[in-house]
Structures are given as C-alpha cells and as structure tokens.
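Quick notes on the structure that follows.
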Amino acid sequence: MSDDWLESLIDDVCRCLISDVKGRMSPLSHRTYAPDENGIGTWLIHIAPSNGQVVGGKDDGEEIFDPIDADLLELAKVLDDTESFAFNPGGNTEMPHIWLSGRRHAEEVTIQIFLYPFDEEDPSWSLDINRGTWTMPADDSEGDEGE
C-alpha cells in the first residue's frame with residue numbers, strides 16, 4: 001500500500017488543530033513510525049507545535065511556541081474506526097497529549113498530539129520583536145540555510 005493514506009491522515013489531523021477563528025501562525029511538526037519501529041505495533045504518528053524563537057528585546061533567544069487549538073469533535077472523525085480517544089495529562093516522564101487510536105483504511109494507527117514542542121527540535125520560525133515580524137525559514141533573507 002502506498003503511503004498516500006498516511007500523508008492524507010496527517011493532513012486531516014493537522015486541519016483539526018487549526019482554529020477557524022484565529023488560524024495558525026506557525027507550523028506543526030510531525031513524525032511517523034512504522035509498526036516495526038515502535039513498541040505499540042501500529043503506525044505511530046506524533047504531532048506537536050513547532051519551536052519558535054524570540055529575536056531582539058529582553059527575551060532575545062527565548063524559545064516560544066504557538067499553542068494547539070484542537071477541534072475534538074472533528075478530530076474524532078479522522079479515523080474510519082476509532083477505538084480510543086483520550087487526553088493524557090502527562091507526568092514526570094511524559095508530555096501532555098491527546099491520544100487517538102483506531103483504523104484508517106486497513107491500517108491500525110495511533111496518533112499522539114503533544115501540547116508542547118518536541119524537546120530536541122530546534123526553532124523553525126522566529127518572532128522579531130524589533131521589526132514586529134514573524135519569520136519562517138523560507139523567509140530568511142540572510143541565506144543561513146547552508147550552516
């Protein structure tokens with residue numbers, strides 16, 4: 001089976017994480033793991049807000065993120081057959097997240113939507129306090145891509 005169903009599922013989930021009223025200023029990060037690459041034994045999808053960074057001002061260099069606005073009613077519909085849909089508040093070793101598992105087409109899937117960015121992820125966008133601008137890497141006019 002082609003991975004088109006997986007990309008389509010990720011797109012459907014991400015659409016449920018964007019507020020119809022305020023939209024979303026920054027991207028979402030996602031990671032996928034095949035059933036033989038994780039301890040759950042299903043396709044595993046992790047989604048989280050991406051890290052950003054303040055540029056300028058007293059908080060220069062501070063990492064920030066745009067919180068997720070989840071439409072839980074729509075999120076429950078992204079799978080053909082939902083077996084589990086819960087909120088995990090996290091704990092000492094786990095970040096808070098929404099847990100959704102079931103089937104999409106013939107595939108078993110587990111989706112974890114984290115409320116905070118992945119710890120090891122570098123900032124992928126910036127908020128420039130001095131200029132009042134929100135910049136994505138593609139907007140980087142200084143050409144720092146090759147570093």
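Letters for chains follow the order of the structure tokens (A, B, ...), residue numbers begin at 1 for each chain, and ligand numbers begin at 1 in the order shown.
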
Next on the checklist: Can you tell me which residues surround stretch 20-31 of chain A at a distance of at most 9 Å, considering only C-alpha atoms, apart from same-chain residues fewer than 4 positions away, and format the answer as a PyMOL selection string?
Outcome noted: chain A and resi 10+14+44-52+65-69+117-118+124-125+134+136

Atoms to include: N, CA and C atoms. Write the selected residues as an mmCIF file, in the first residue's frame.
```cif
data_model
loop_
_atom_site.group_PDB
_atom_site.id
_atom_site.type_symbol
_atom_site.label_atom_id
_atom_site.label_comp_id
_atom_site.auth_asym_id
_atom_site.auth_seq_id
_atom_site.Cartn_x
_atom_site.Cartn_y
_atom_site.Cartn_z
ATOM 1 N N ILE A 10 -2.300 12.600 8.114
ATOM 2 C CA ILE A 10 -1.578 13.686 8.799
ATOM 3 C C ILE A 10 -2.197 15.032 8.450
ATOM 4 N N CYS A 14 -3.924 17.565 11.134
ATOM 5 C CA CYS A 14 -3.428 18.944 11.276
ATOM 6 C C CYS A 14 -4.523 19.973 11.031
ATOM 7 N N LEU A 44 2.492 4.805 14.120
ATOM 8 C CA LEU A 44 2.503 5.789 15.203
ATOM 9 C C LEU A 44 2.826 7.151 14.612
ATOM 10 N N ILE A 45 1.956 8.105 14.874
ATOM 11 C CA ILE A 45 2.135 9.471 14.381
ATOM 12 C C ILE A 45 2.223 10.400 15.579
ATOM 13 N N HIS A 46 3.282 11.163 15.650
ATOM 14 C CA HIS A 46 3.441 12.197 16.674
ATOM 15 C C HIS A 46 3.292 13.557 15.997
ATOM 16 N N ILE A 47 2.478 14.424 16.587
ATOM 17 C CA ILE A 47 2.292 15.785 16.079
ATOM 18 C C ILE A 47 2.451 16.740 17.253
ATOM 19 N N ALA A 48 3.141 17.865 17.014
ATOM 20 C CA ALA A 48 3.371 18.860 18.071
ATOM 21 C C ALA A 48 3.528 20.236 17.438
ATOM 22 N N PRO A 49 3.288 21.286 18.222
ATOM 23 C CA PRO A 49 3.588 22.617 17.701
ATOM 24 C C PRO A 49 5.102 22.743 17.506
ATOM 25 N N SER A 50 5.515 23.493 16.508
ATOM 26 C CA SER A 50 6.950 23.657 16.281
ATOM 27 C C SER A 50 7.524 24.731 17.214
ATOM 28 N N ASN A 51 8.809 24.598 17.498
ATOM 29 C CA ASN A 51 9.514 25.590 18.317
ATOM 30 C C ASN A 51 9.749 26.864 17.518
ATOM 31 N N GLY A 52 9.647 27.977 18.196
ATOM 32 C CA GLY A 52 9.999 29.270 17.619
ATOM 33 C C GLY A 52 10.983 29.961 18.545
ATOM 34 N N PHE A 65 6.316 28.939 21.463
ATOM 35 C CA PHE A 65 5.523 28.161 20.522
ATOM 36 C C PHE A 65 4.101 28.689 20.479
ATOM 37 N N ASP A 66 3.424 28.393 19.378
ATOM 38 C CA ASP A 66 2.036 28.765 19.167
ATOM 39 C C ASP A 66 1.196 27.570 19.629
ATOM 40 N N PRO A 67 0.414 27.699 20.706
ATOM 41 C CA PRO A 67 -0.343 26.554 21.230
ATOM 42 C C PRO A 67 -1.311 25.966 20.207
ATOM 43 N N ILE A 68 -1.617 24.707 20.397
ATOM 44 C CA ILE A 68 -2.558 23.997 19.537
ATOM 45 C C ILE A 68 -3.984 24.303 19.968
ATOM 46 N N ASP A 69 -4.861 24.528 18.997
ATOM 47 C CA ASP A 69 -6.297 24.654 19.226
ATOM 48 C C ASP A 69 -6.940 23.437 18.574
ATOM 49 N N PRO A 117 6.119 21.603 22.086
ATOM 50 C CA PRO A 117 7.044 21.167 21.027
ATOM 51 C C PRO A 117 7.907 19.987 21.469
ATOM 52 N N PHE A 118 8.418 19.249 20.485
ATOM 53 C CA PHE A 118 9.359 18.182 20.770
ATOM 54 C C PHE A 118 10.605 18.788 21.408
ATOM 55 N N SER A 124 12.051 26.585 14.363
ATOM 56 C CA SER A 124 11.875 26.619 12.911
ATOM 57 C C SER A 124 11.255 27.929 12.426
ATOM 58 N N TRP A 125 10.993 28.843 13.331
ATOM 59 C CA TRP A 125 10.462 30.161 12.969
ATOM 60 C C TRP A 125 10.881 31.146 14.046
ATOM 61 N N TRP A 134 7.058 38.082 11.917
ATOM 62 C CA TRP A 134 7.046 36.644 12.160
ATOM 63 C C TRP A 134 7.726 36.034 10.953
ATOM 64 N N MET A 136 9.458 32.735 8.867
ATOM 65 C CA MET A 136 9.649 31.299 8.664
ATOM 66 C C MET A 136 11.005 31.108 7.972
#
```

Item to check | Nearest to A:Leu17 by atom-to-atom distance, counting only C-alpha atoms, from A:Gly102, A:Ser84, A:Gln112, A:Leu75 | outcome: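 Using only C-alpha atoms, A:Leu17 sits closest to A:Leu75.
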
Checklist entry - Can you list every residue in chain A that DSSP puts in helix (DSSP H, G or I), as a list in words? => result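 Answer for chain A, restricted to helix (DSSP H, G or I): Asp4, Trp5, Leu6, Glu7, Ser8, Leu9, Ile10, Asp11, Asp12, Val13, Cys14, Arg15, Pro35, Asp36, Glu37, Leu72, Leu73, Glu74, Leu75, Pro137, Ala138, Asp139, Asp144, Glu145 and Gly146 of chain A.
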
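Shortest separation to A:Ser101 among A:Glu83, A:Asp71, A:Glu63, A:Asp122 occurs at residue A:Glu83, atoms counted being only C-alpha atoms.
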
Next on the checklist: Give me, as an MDAnalysis selection string, all polymer residues having an atom no more than 12 Å from A:Thr82, counting only C-alpha atoms and skipping those fewer than 3 positions away in the same chain.
Outcome noted: chainID A and resid 75:79 85:86 99:105 107:111

Checklist entry - as a ChimeraX atom specification, which residues of stretch 46-86 of chain A does DSSP assign to strand (DSSP E or B)? => result /A:46-49,52-55,63-64,81-86

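Between atom CA of A:Met95 and atom CA of A:Glu120 there is a distance of 13.1 Å.
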
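Closest approach to A:Thr32 from the set A:Asp12, A:Glu94, A:Glu7, A:Asp80 is made by A:Glu7, with distances taken over only C-alpha atoms.
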
Item to check | Spatial neighbours of A:Val54, max dist 12 Å, only C-alpha atoms, sep filter under 3 positions, as a PyMOL selection string | outcome: chain A and resi 51+57-65+123-135

Restricting the output to C-alpha atoms, write the selected residues as a compact mmCIF listing (two decimals), in the first residue's frame.
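New file again_39.txt:
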```txt
# COMPACT_ATOMS: atom_id res chain seq x y z
CA ASN A 51 9.51 25.59 18.32
CA GLY A 57 14.34 42.66 23.07
CA LYS A 58 14.87 41.45 26.62
CA ASP A 59 13.76 37.89 25.74
CA ASP A 60 16.15 37.53 22.77
CA GLY A 61 16.85 33.83 22.15
CA GLU A 62 13.90 32.61 24.24
CA GLU A 63 12.13 29.60 22.72
CA ILE A 64 8.37 30.01 22.25
CA PHE A 65 5.52 28.16 20.52
CA PRO A 123 13.34 26.55 16.42
CA SER A 124 11.87 26.62 12.91
CA TRP A 125 10.46 30.16 12.97
CA SER A 126 11.13 33.44 14.73
CA LEU A 127 9.28 36.43 16.13
CA ASP A 128 11.36 39.59 15.69
CA ILE A 129 10.36 41.99 18.47
CA ASN A 130 12.23 44.97 16.97
CA ARG A 131 10.70 44.65 13.49
CA GLY A 132 7.36 43.25 14.60
CA THR A 133 7.66 40.38 12.10
CA TRP A 134 7.05 36.64 12.16
CA THR A 135 9.62 34.84 10.01
```

Checklist entry - In terms of the shortest atom-to-atom distance over only C-alpha atoms, which of A:Gln53, A:Pro96, A:Trp43, A:Pro89 is closest to A:Glu121? => result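 Once distances to A:Glu121 are computed over only C-alpha atoms, the minimum belongs to A:Gln53.
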